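Enquirer: To start, I am sharing the structure in question, which I have written as structure tokens.
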Amino acid sequence: MRSNNKHKPGFKHTSLGWIPIEWDEVDLESVTNNNRPISYGIVQTGKLIDGGVKCVRVLDLVNGKINPEKLITTTQKISDSYKRTILRENDLVIALRGKIGEVAIVDSKLVGCNLTRGVALISPLQKYSHTFLYQQLTSPHCKKVFERNLNGSALQELSISIIRKIPIAIPKSLPEQNKIAAILSTWDEAVTKTNQIISQLKQRNKGLLQHLTTGIERLKEFEKTKSHVLPIHSFAEEISKKNTTDLELIVLSCTKYDGLVPSLEYFGRKIYSDDLTTYKIVSRNCFAYATNHIEEGSIGYQAKYPAALISPMYTVFKTDDSVDDEYLYKVLKSHHYIHEYKKRMEGSIDRRGGLRWDEFSKIKVLIPSLKEQRAIADILNKGDEEVKLQQQRLAALQLQKKGLMQKLLTGELRVNTSNS
């Protein structure tokens, strides 16, 4: 076994690994204000009070910030009994439950607010950068510490004692702390902007889907062509072919967001029956939906395999040549139609449960000309592609930041503070 005492010029070995000689290894408690120790907030806030003291809950912590829009309130008396957690600018707060380990920085608009029981206060001493400590607390190192030290089974929770003793590496120099935090904050800003772009694109795509597939809006080149509102059974038929000869075909499952996926690959384990002779064959270019769970959006399109298997609890159907399947798939996965499935299932008198073909096939769909269907599908696919590109960019930014954190927060990569 190699010794950990191997000399590394300019560095010292600690429980966190090698850190620069000019840095300290400390626990979180030692860098916080003794007059405002790390503490959780109000145990019982009581009834909402108009004009009362606002309180931050776990769900109010979003991407490093506190969402001030829906804060609950408590009385001044209750808040005063928890003075230790009344917020000041540049305090840090951390979720003990739910979004365990989610950290946010308190800005000037939240001064005077308080915390609920599920959130803890971290009040850094002035000689330590609150933004540097934020970056340390959101680092992979701290996340691993949180994961290893969760209490409870049904309701997992991070204890105050664990937070107080979290070991971190920190430069003695405040300018160095600030410079490191500023570099990492640049990546945070890029991540935030990319997330905003993704949200905007998704909202735009949702609007396009709603307008173009219901006839609210028409593509200019097709404005003079006729569209028809038709029940699904007028252009599709149910297919109920069983795997009676026990063919060795891949087994698919239908998911809410991804449609039909290989079951083993998606779940990481076998959840289907050993006897596949009762399973249905879903051929290429067929649709399938979870008969008992379609109200969650569990409908998919099989375009990958010549043939595959699916649970007998699914309904399989195929369209005729008057319909573009990509267009129809977009329609049937839309929020408008998911609401339609819910409505029909709630009103069903079928004692077997679910939305079976007889009722499902009565659902009406706007069917424009085949050319317009394909044009609409193309527009919607391009919109989805834009989202995917931004999601890939987001993943790349997050990976880059993770690599930077590993180097900057351990001192492996030093920063120049001469111009700070």
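By order of appearance in the structure tokens: chains A, B, ..., then residues from 1 within every chain, and ligands from 1 in the order shown.
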For Arg393 in chain A, find every residue with an atom within 12 Å (counting only C-alpha atoms), except residues of its own chain fewer than 2 positions away, and show them as a PyMOL selection string.

Expert: chain A and resi 187+190-195+197-198+386-391+395-400

Enquirer: Next, dump the selected residues to file, keeping only N, CA and C atoms, as an mmCIF file, in the first residue's frame.

Expert:
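This went into again_34.cif:
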```
data_model
loop_
_atom_site.group_PDB
_atom_site.id
_atom_site.type_symbol
_atom_site.label_atom_id
_atom_site.label_comp_id
_atom_site.auth_asym_id
_atom_site.auth_seq_id
_atom_site.Cartn_x
_atom_site.Cartn_y
_atom_site.Cartn_z
ATOM 1 N N TRP A 187 -20.263 29.799 -14.208
ATOM 2 C CA TRP A 187 -20.895 28.573 -14.717
ATOM 3 C C TRP A 187 -22.329 28.452 -14.212
ATOM 4 N N ALA A 190 -24.497 30.554 -16.379
ATOM 5 C CA ALA A 190 -24.715 29.919 -17.682
ATOM 6 C C ALA A 190 -25.731 28.779 -17.562
ATOM 7 N N VAL A 191 -25.644 28.011 -16.467
ATOM 8 C CA VAL A 191 -26.602 26.928 -16.227
ATOM 9 C C VAL A 191 -28.002 27.489 -16.041
ATOM 10 N N THR A 192 -28.112 28.566 -15.262
ATOM 11 C CA THR A 192 -29.417 29.200 -15.021
ATOM 12 C C THR A 192 -30.030 29.702 -16.319
ATOM 13 N N LYS A 193 -29.230 30.385 -17.133
ATOM 14 C CA LYS A 193 -29.726 30.917 -18.410
ATOM 15 C C LYS A 193 -30.168 29.792 -19.340
ATOM 16 N N THR A 194 -29.393 28.721 -19.364
ATOM 17 C CA THR A 194 -29.745 27.582 -20.221
ATOM 18 C C THR A 194 -31.033 26.933 -19.743
ATOM 19 N N ASN A 195 -31.200 26.807 -18.439
ATOM 20 C CA ASN A 195 -32.452 26.273 -17.890
ATOM 21 C C ASN A 195 -33.636 27.153 -18.277
ATOM 22 N N ILE A 197 -33.835 29.078 -20.949
ATOM 23 C CA ILE A 197 -34.072 28.879 -22.382
ATOM 24 C C ILE A 197 -34.863 27.595 -22.608
ATOM 25 N N ILE A 198 -34.481 26.523 -21.896
ATOM 26 C CA ILE A 198 -35.190 25.242 -22.024
ATOM 27 C C ILE A 198 -36.652 25.405 -21.624
ATOM 28 N N GLU A 386 -34.655 21.434 -30.742
ATOM 29 C CA GLU A 386 -34.070 22.618 -30.102
ATOM 30 C C GLU A 386 -33.936 22.413 -28.600
ATOM 31 N N VAL A 387 -34.954 21.819 -28.001
ATOM 32 C CA VAL A 387 -34.906 21.541 -26.559
ATOM 33 C C VAL A 387 -33.781 20.559 -26.262
ATOM 34 N N LYS A 388 -33.659 19.495 -27.056
ATOM 35 C CA LYS A 388 -32.617 18.494 -26.837
ATOM 36 C C LYS A 388 -31.220 19.106 -26.932
ATOM 37 N N LEU A 389 -31.018 20.002 -27.899
ATOM 38 C CA LEU A 389 -29.711 20.651 -28.049
ATOM 39 C C LEU A 389 -29.368 21.484 -26.825
ATOM 40 N N GLN A 390 -30.361 22.199 -26.306
ATOM 41 C CA GLN A 390 -30.126 23.002 -25.102
ATOM 42 C C GLN A 390 -29.898 22.103 -23.886
ATOM 43 N N GLN A 391 -30.582 20.975 -23.840
ATOM 44 C CA GLN A 391 -30.370 20.035 -22.737
ATOM 45 C C GLN A 391 -28.966 19.433 -22.794
ATOM 46 N N ALA A 395 -26.092 19.815 -19.947
ATOM 47 C CA ALA A 395 -25.329 18.686 -19.395
ATOM 48 C C ALA A 395 -23.826 18.945 -19.502
ATOM 49 N N ALA A 396 -23.405 19.556 -20.620
ATOM 50 C CA ALA A 396 -21.983 19.863 -20.810
ATOM 51 C C ALA A 396 -21.515 20.919 -19.803
ATOM 52 N N LEU A 397 -22.328 21.940 -19.588
ATOM 53 C CA LEU A 397 -21.986 22.987 -18.618
ATOM 54 C C LEU A 397 -21.880 22.413 -17.216
ATOM 55 N N GLN A 398 -22.819 21.541 -16.861
ATOM 56 C CA GLN A 398 -22.809 20.937 -15.529
ATOM 57 C C GLN A 398 -21.589 20.053 -15.330
ATOM 58 N N LEU A 399 -21.199 19.340 -16.390
ATOM 59 C CA LEU A 399 -20.014 18.487 -16.318
ATOM 60 C C LEU A 399 -18.752 19.331 -16.184
ATOM 61 N N GLN A 400 -18.689 20.435 -16.955
ATOM 62 C CA GLN A 400 -17.541 21.347 -16.872
ATOM 63 C C GLN A 400 -17.413 21.931 -15.470
#
```

Enquirer: Once you count only C-alpha atoms, what closest atom pair and distance in Å to one decimal does each residue of range 299-337 of chain A within 10 Å of range 224-246 of chain A have, with rows by chain and rising residue number, as JSON lines?

Expert:
```
{"residue": "A:Ala308", "atom": "CA", "partner": "A:Asn243", "partner_atom": "CA", "distance": 9.7}
{"residue": "A:Leu309", "atom": "CA", "partner": "A:Asn243", "partner_atom": "CA", "distance": 7.7}
{"residue": "A:Ile310", "atom": "CA", "partner": "A:Lys242", "partner_atom": "CA", "distance": 9.5}
{"residue": "A:Ser311", "atom": "CA", "partner": "A:Lys242", "partner_atom": "CA", "distance": 9.9}
{"residue": "A:Pro312", "atom": "CA", "partner": "A:Lys242", "partner_atom": "CA", "distance": 8.2}
{"residue": "A:Tyr314", "atom": "CA", "partner": "A:Ser240", "partner_atom": "CA", "distance": 9.6}
{"residue": "A:Thr315", "atom": "CA", "partner": "A:Glu238", "partner_atom": "CA", "distance": 7.4}
{"residue": "A:Val316", "atom": "CA", "partner": "A:Ile239", "partner_atom": "CA", "distance": 5.3}
{"residue": "A:Phe317", "atom": "CA", "partner": "A:Glu238", "partner_atom": "CA", "distance": 4.1}
{"residue": "A:Lys318", "atom": "CA", "partner": "A:Ala236", "partner_atom": "CA", "distance": 5.4}
{"residue": "A:Thr319", "atom": "CA", "partner": "A:Ala236", "partner_atom": "CA", "distance": 4.0}
{"residue": "A:Asp320", "atom": "CA", "partner": "A:Phe235", "partner_atom": "CA", "distance": 5.6}
{"residue": "A:Asp321", "atom": "CA", "partner": "A:Phe235", "partner_atom": "CA", "distance": 8.2}
{"residue": "A:Ser322", "atom": "CA", "partner": "A:Phe235", "partner_atom": "CA", "distance": 7.0}
{"residue": "A:Val323", "atom": "CA", "partner": "A:Phe235", "partner_atom": "CA", "distance": 7.2}
{"residue": "A:Leu328", "atom": "CA", "partner": "A:Ile232", "partner_atom": "CA", "distance": 9.9}
```

Enquirer: Take the selection from the previous step and output its residues with C-alpha atoms, as a PDB file, in the first residue's frame.

Expert:
```
ATOM      1  CA  ALA A 308     -41.610  -6.706 -29.892  1.00  0.00           C
ATOM      2  CA  LEU A 309     -43.655  -7.883 -26.921  1.00  0.00           C
ATOM      3  CA  ILE A 310     -45.795  -5.918 -24.533  1.00  0.00           C
ATOM      4  CA  SER A 311     -47.865  -6.803 -21.479  1.00  0.00           C
ATOM      5  CA  PRO A 312     -51.370  -8.168 -22.146  1.00  0.00           C
ATOM      6  CA  TYR A 314     -51.757  -2.906 -22.966  1.00  0.00           C
ATOM      7  CA  THR A 315     -53.899  -1.951 -25.946  1.00  0.00           C
ATOM      8  CA  VAL A 316     -52.264  -2.074 -29.376  1.00  0.00           C
ATOM      9  CA  PHE A 317     -53.567  -0.364 -32.520  1.00  0.00           C
ATOM     10  CA  LYS A 318     -52.477   0.589 -36.027  1.00  0.00           C
ATOM     11  CA  THR A 319     -53.519   3.471 -38.304  1.00  0.00           C
ATOM     12  CA  ASP A 320     -54.341   3.449 -42.014  1.00  0.00           C
ATOM     13  CA  ASP A 321     -52.617   5.445 -44.764  1.00  0.00           C
ATOM     14  CA  SER A 322     -54.680   8.605 -44.177  1.00  0.00           C
ATOM     15  CA  VAL A 323     -52.772   9.445 -41.007  1.00  0.00           C
ATOM     16  CA  LEU A 328     -50.897  11.433 -34.340  1.00  0.00           C
TER      17      LEU A 328
END
```

Enquirer: Using CA of Leu125 in chain A and CA of Thr85 in chain A as the two end points, give the distance in Å to one decimal.

Expert: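 According to the coordinates, CA of Leu125 in chain A and CA of Thr85 in chain A are separated by 15.2 Å.
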
Enquirer: For a test of reading the model, state the distance in Å between CA of Phe132 in chain A and CA of Ala181 in chain A, rounded to one decimal.

Expert: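 Distance between the two atoms: 4.8 Å.
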